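Source file: query.pdb. Holds: PDB, C-alpha atoms and all ligand atoms.
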ATOM      1  CA  MET A   1     113.841-117.538 -55.855
ATOM      2  CA  LEU A   2     112.505-120.349 -53.712
ATOM      3  CA  HIS A   3     108.824-120.403 -52.861
ATOM      4  CA  GLU A   4     109.225-123.498 -50.795
ATOM      5  CA  LEU A   5     112.135-124.695 -48.784
ATOM      6  CA  PRO A   6     113.113-128.286 -49.494
ATOM      7  CA  LYS A   7     112.302-130.490 -46.505
ATOM      8  CA  SER A   8     115.927-131.607 -46.235
ATOM      9  CA  PHE A   9     116.934-127.964 -45.870
ATOM     10  CA  VAL A  10     114.396-127.333 -43.122
ATOM     11  CA  ASP A  11     115.578-130.512 -41.374
ATOM     12  CA  THR A  12     119.207-129.376 -41.538
ATOM     13  CA  ILE A  13     118.420-125.980 -40.034
ATOM     14  CA  LYS A  14     116.266-127.598 -37.409
ATOM     15  CA  SER A  15     118.973-130.030 -36.350
ATOM     16  CA  GLU A  16     121.663-127.320 -36.316
ATOM     17  CA  HIS A  17     119.476-125.083 -34.185
ATOM     18  CA  ARG A  18     118.790-127.963 -31.811
ATOM     19  CA  MET A  19     122.495-128.715 -31.540
ATOM     20  CA  ILE A  20     123.270-125.055 -30.778
ATOM     21  CA  CYS A  21     120.548-124.945 -28.120
ATOM     22  CA  ALA A  22     121.933-128.141 -26.569
ATOM     23  CA  LYS A  23     125.451-126.674 -26.472
ATOM     24  CA  ALA A  24     124.125-123.461 -24.915
ATOM     25  CA  TYR A  25     122.335-125.447 -22.186
ATOM     26  CA  GLN A  26     125.462-127.550 -21.536
ATOM     27  CA  LEU A  27     127.476-124.382 -21.167
ATOM     28  CA  GLU A  28     124.872-122.998 -18.809
ATOM     29  CA  SER A  29     125.142-126.104 -16.637
ATOM     30  CA  ALA A  30     128.977-125.954 -16.752
ATOM     31  CA  LEU A  31     128.659-122.381 -15.476
ATOM     32  CA  HIS A  32     126.406-123.578 -12.683
ATOM     33  CA  GLU A  33     128.927-126.288 -11.770
ATOM     34  CA  ALA A  34     131.849-123.823 -11.958
ATOM     35  CA  THR A  35     130.048-121.525  -9.554
ATOM     36  CA  ALA A  36     129.329-124.435  -7.200
ATOM     37  CA  GLN A  37     133.022-125.393  -7.289
ATOM     38  CA  LYS A  38     134.128-121.790  -6.762
ATOM     39  CA  TRP A  39     135.831-121.690 -10.145
ATOM     40  CA  SER A  40     138.406-124.449  -9.765
ATOM     41  CA  LEU A  41     141.036-124.649 -12.531
ATOM     42  CA  ASN A  42     139.263-127.704 -13.915
ATOM     43  CA  MET A  43     136.008-125.847 -14.211
ATOM     44  CA  ILE A  44     137.664-122.805 -15.787
ATOM     45  CA  GLN A  45     139.119-125.195 -18.368
ATOM     46  CA  GLU A  46     135.777-126.903 -18.881
ATOM     47  CA  VAL A  47     133.959-123.602 -19.475
ATOM     48  CA  THR A  48     136.740-122.398 -21.815
ATOM     49  CA  ASN A  49     136.622-125.624 -23.852
ATOM     50  CA  ARG A  50     132.869-125.491 -24.177
ATOM     51  CA  LEU A  51     133.011-121.840 -25.238
ATOM     52  CA  SER A  52     135.612-122.645 -27.921
ATOM     53  CA  ASP A  53     133.509-125.534 -29.161
ATOM     54  CA  LEU A  54     130.444-123.278 -29.360
ATOM     55  CA  GLU A  55     132.444-120.618 -31.204
ATOM     56  CA  HIS A  56     133.592-123.105 -33.892
ATOM     57  CA  CYS A  57     130.144-124.466 -34.320
ATOM     58  CA  LEU A  58     128.579-120.981 -34.594
ATOM     59  CA  GLN A  59     131.161-119.766 -37.068
ATOM     60  CA  ASP A  60     130.219-122.579 -39.487
ATOM     61  CA  HIS A  61     126.528-122.257 -38.778
ATOM     62  CA  PHE A  62     126.441-118.483 -39.328
ATOM     63  CA  GLU A  63     128.356-118.800 -42.596
ATOM     64  CA  ARG A  64     125.840-121.342 -43.861
ATOM     65  CA  GLU A  65     122.986-119.003 -42.937
ATOM     66  CA  GLU A  66     124.495-115.956 -44.606
ATOM     67  CA  GLN A  67     126.079-116.352 -48.053
ATOM     68  CA  GLY A  68     123.346-117.787 -50.195
ATOM     69  CA  GLY A  69     121.900-119.322 -47.040
ATOM     70  CA  PHE A  70     118.364-119.241 -45.802
ATOM     71  CA  LEU A  71     118.518-115.689 -44.424
ATOM     72  CA  ASP A  72     119.276-114.493 -47.952
ATOM     73  CA  GLU A  73     116.689-116.795 -49.488
ATOM     74  CA  ALA A  74     114.034-115.733 -47.002
ATOM     75  CA  ALA A  75     114.556-112.045 -47.835
ATOM     76  CA  ALA A  76     114.445-112.777 -51.585
ATOM     77  CA  ASN A  77     111.344-114.914 -51.212
ATOM     78  CA  ALA A  78     109.461-112.578 -48.873
ATOM     79  CA  PRO A  79     110.664-108.955 -48.932
ATOM     80  CA  ARG A  80     108.596-108.284 -45.800
ATOM     81  CA  VAL A  81     111.266-110.132 -43.782
ATOM     82  CA  ALA A  82     114.277-108.400 -45.415
ATOM     83  CA  VAL A  83     114.865-105.913 -42.594
ATOM     84  CA  GLU A  84     114.667-108.601 -39.927
ATOM     85  CA  SER A  85     116.890-110.898 -41.965
ATOM     86  CA  ALA A  86     119.580-108.186 -42.219
ATOM     87  CA  HIS A  87     119.243-107.541 -38.501
ATOM     88  CA  LEU A  88     119.751-111.244 -37.715
ATOM     89  CA  MET A  89     122.869-111.329 -39.896
ATOM     90  CA  ARG A  90     124.296-108.392 -37.978
ATOM     91  CA  ASP A  91     123.616-110.295 -34.751
ATOM     92  CA  HIS A  92     126.085-112.933 -35.968
ATOM     93  CA  THR A  93     128.981-110.492 -35.883
ATOM     94  CA  ASP A  94     128.011-109.287 -32.444
ATOM     95  CA  ILE A  95     127.503-112.764 -30.974
ATOM     96  CA  LEU A  96     130.819-114.095 -32.338
ATOM     97  CA  ALA A  97     132.720-111.028 -31.123
ATOM     98  CA  ARG A  98     131.273-111.422 -27.636
ATOM     99  CA  ILE A  99     132.072-115.148 -27.516
ATOM    100  CA  ARG A 100     135.655-114.509 -28.622
ATOM    101  CA  GLU A 101     136.018-111.831 -25.972
ATOM    102  CA  MET A 102     134.807-114.296 -23.324
ATOM    103  CA  ILE A 103     137.233-116.982 -24.550
ATOM    104  CA  GLU A 104     140.125-114.533 -24.317
ATOM    105  CA  HIS A 105     139.049-113.524 -20.838
ATOM    106  CA  ALA A 106     138.784-117.151 -19.690
ATOM    107  CA  LYS A 107     142.180-118.053 -21.183
ATOM    108  CA  HIS A 108     143.972-115.185 -19.521
ATOM    109  CA  ASN A 109     142.339-115.194 -16.132
ATOM    110  CA  GLN A 110     143.216-118.325 -14.268
ATOM    111  CA  ALA A 111     142.621-116.891 -10.807
ATOM    112  CA  THR A 112     140.463-119.328  -8.889
ATOM    113  CA  ASP A 113     138.858-116.506  -7.037
ATOM    114  CA  ALA A 114     135.097-116.893  -7.275
ATOM    115  CA  PRO A 115     134.062-113.197  -6.984
ATOM    116  CA  GLU A 116     136.336-112.378  -9.893
ATOM    117  CA  TRP A 117     134.313-114.724 -12.116
ATOM    118  CA  PHE A 118     130.948-113.355 -11.142
ATOM    119  CA  PRO A 119     130.759-110.641 -13.865
ATOM    120  CA  PHE A 120     132.064-113.179 -16.393
ATOM    121  CA  ALA A 121     129.316-115.648 -15.481
ATOM    122  CA  GLN A 122     126.688-112.917 -15.719
ATOM    123  CA  SER A 123     127.896-111.779 -19.145
ATOM    124  CA  LEU A 124     128.028-115.329 -20.407
ATOM    125  CA  ARG A 125     124.478-116.031 -19.241
ATOM    126  CA  ALA A 126     123.301-112.869 -21.025
ATOM    127  CA  LEU A 127     125.138-113.951 -24.166
ATOM    128  CA  LEU A 128     123.543-117.403 -24.103
ATOM    129  CA  ARG A 129     120.115-115.803 -23.728
ATOM    130  CA  GLN A 130     120.894-113.561 -26.729
ATOM    131  CA  LEU A 131     121.950-116.602 -28.755
ATOM    132  CA  LEU A 132     118.841-118.611 -27.906
ATOM    133  CA  ALA A 133     116.603-115.624 -28.707
ATOM    134  CA  HIS A 134     118.435-115.223 -32.015
ATOM    135  CA  GLU A 135     117.799-118.822 -33.077
ATOM    136  CA  THR A 136     114.153-118.598 -31.995
ATOM    137  CA  GLN A 137     113.707-115.458 -34.128
ATOM    138  CA  GLU A 138     115.272-117.208 -37.101
ATOM    139  CA  ASN A 139     112.889-120.130 -36.798
ATOM    140  CA  ALA A 140     109.964-117.690 -36.721
ATOM    141  CA  LEU A 141     111.328-115.768 -39.725
ATOM    142  CA  LEU A 142     111.639-118.987 -41.735
ATOM    143  CA  ARG A 143     108.116-120.060 -40.874
ATOM    144  CA  ASN A 144     106.892-116.622 -41.924
ATOM    145  CA  ALA A 145     108.919-116.313 -45.153
ATOM    146  CA  PHE A 146     108.169-119.810 -46.420
ATOM    147  CA  ASN A 147     104.712-120.274 -44.879
ATOM    148  CA  LEU A 148     105.814-123.266 -42.851
ATOM    149  CA  ASP A 149     103.605-124.962 -40.283
ATOM    150  CA  ALA A 150     103.853-123.750 -36.721
ATOM    151  CA  GLU A 151     105.494-127.022 -35.712
ATOM    152  CA  ALA A 152     107.945-127.081 -38.657
ATOM    153  CA  LEU A 153     110.663-125.328 -36.689
ATOM    154  CA  GLN A 154     110.403-125.216 -32.962
TER     155      GLN A 154
HETATM  156 FE    FE B 201     121.784-117.026 -37.165
HETATM  157 FE    FE B 202     120.704-120.079 -36.767
END

Kindly transcribe the structure held in the file into C-alpha cells.
Ligand SMILES: [Fe+2]
Ligand SMILES: [Fe+2]
Amino acid sequence: MLHELPKSFVDTIKSEHRMICAKAYQLESALHEATAQKWSLNMIQEVTNRLSDLEHCLQDHFEREEQGGFLDEAAANAPRVAVESAHLMRDHTDILARIREMIEHAKHNQATDAPEWFPFAQSLRALLRQLLAHETQENALLRNAFNLDAEALQ
C-alpha cells in the first residue's frame, strides 16, 4: 500500500490528463469548424480522425489507471474513496463505448447534409463534457486519497 504517490507518478498522470484535455478541446474546435463549413467531407474526415486518435489515447490511459494503476492504489490507500474509484472505472467502459459508437457513425455517414450532423455534434459535445468531468473527478480523488496539495493536480 502506498501512503504517498511518487512525484514522477503524479507528474505522469498530470501530463496525461492535460494531453486528454487538450485533445478534447481540439475536437471541440474541429466540431465548431465542421459546423461552420456545413460538414464538408474534409471536416467529417477531420472529426473522425481526431475521434480515433482520442479513442486510442484513452484506451491506453484507462488501462494504466485501472490494473494496478492509481485508481486501485487510491482505493487501497484510502478506503473512503473506494466507491468513487469503482464508479470512475465503470465510466471508462461507458466513455469508450460512446466514442466507438460515434466513430462508427462518422465513418458510415458521409452525407454532407448539415442538419443530419446536428444530433451527432450535440452527442459529441456531451461526451466531451463527460470526459472532462471524469478527469477532473480523478484529480480530486487523487488529491483526497494521497493528501496532495490543492495545486498538485489541476
Ligand atoms: Fe479515468
Ligand atoms: Fe484519467

Taking the file as shown, what set of residues would the PyMOL selection byres (((not hetatm)) within 7 of (chain B and resi 201)) give back, as a list in words?
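Evaluating the PyMOL selection byres (((not hetatm)) within 7 of (chain B and resi 201)) on this file yields Phe62, Glu65, Leu88, Met89, His92, His134, Glu135 and Glu138 of chain A.
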
Give me the range 88-112 of chain A side of the contact with range 39-60 of chain A, cut-off 9 Å, one line per residue showing its nearest atom pair and distance in Å at one decimal, counting all atoms listed in the file, sorted by chain and residue number, as CSV.
residue,atom,partner,partner_atom,distance
A:His92,CA,A:Leu58,CA,8.5
A:Leu96,CA,A:Glu55,CA,6.8
A:Ile99,CA,A:Glu55,CA,6.6
A:Arg100,CA,A:Glu55,CA,7.4
A:Met102,CA,A:Leu51,CA,8.0
A:Ile103,CA,A:Thr48,CA,6.1
A:Glu104,CA,A:Thr48,CA,8.9
A:Ala106,CA,A:Thr48,CA,6.0
A:Lys107,CA,A:Thr48,CA,7.0
A:Asn109,CA,A:Ile44,CA,8.9
A:Gln110,CA,A:Leu41,CA,6.9
A:Ala111,CA,A:Leu41,CA,8.1
A:Thr112,CA,A:Trp39,CA,5.3

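Proximity to His105 in chain A was assessed for A:Val81, A:Ala121, A:Ala145, A:Leu31 counting only C-alpha atoms; the smallest distance is recorded for A:Ala121.
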
Would you pick out the contacts of Asn144 in chain A at 12 Å or less, using only C-alpha atoms, so that residues sharing its chain but fewer than 6 positions from it are not included, and give the list as JSON, numbers by chain?
{"A": [3, 4, 5, 71, 74, 75, 77, 78, 79, 80, 81, 82, 84, 85, 137, 138, 150, 152, 153]}

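Note that CA of Gln130 in chain A and CA of Ile13 in chain A are 18.4 Å apart.
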
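Using only C-alpha atoms, the smallest distance between any of A:Arg98, A:Ala86, A:Phe70, A:Tyr25 and Pro6 in chain A comes from A:Phe70.
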
Quick one: distance from CA of Ala22 in chain A to CA of Leu141 in chain A in Å, one decimal?
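Answer for the CA of Ala22 in chain A to CA of Leu141 in chain A separation: 20.9 Å.
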
So the first atom is CA of Asp149 in chain A and the second is CA of Ala76 in chain A; what is the distance between them in Å, to one decimal place?
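CA of Asp149 in chain A sits 19.8 Å away from CA of Ala76 in chain A.
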
Calculated over all atoms listed in the file, which of the candidates A:Ala97, A:Leu148, A:Gln122, A:Cys21 has the smallest distance to ligand FE 202 (chain B)?
A:Cys21

Distance criterion (all atoms listed in the file): nearest to ligand FE 202 (chain B) out of A:Arg143, A:His87, A:Lys23, A:Lys14:
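Among A:Arg143, A:His87, A:Lys23, A:Lys14, it is A:Lys14 that comes nearest to ligand FE 202 (chain B).
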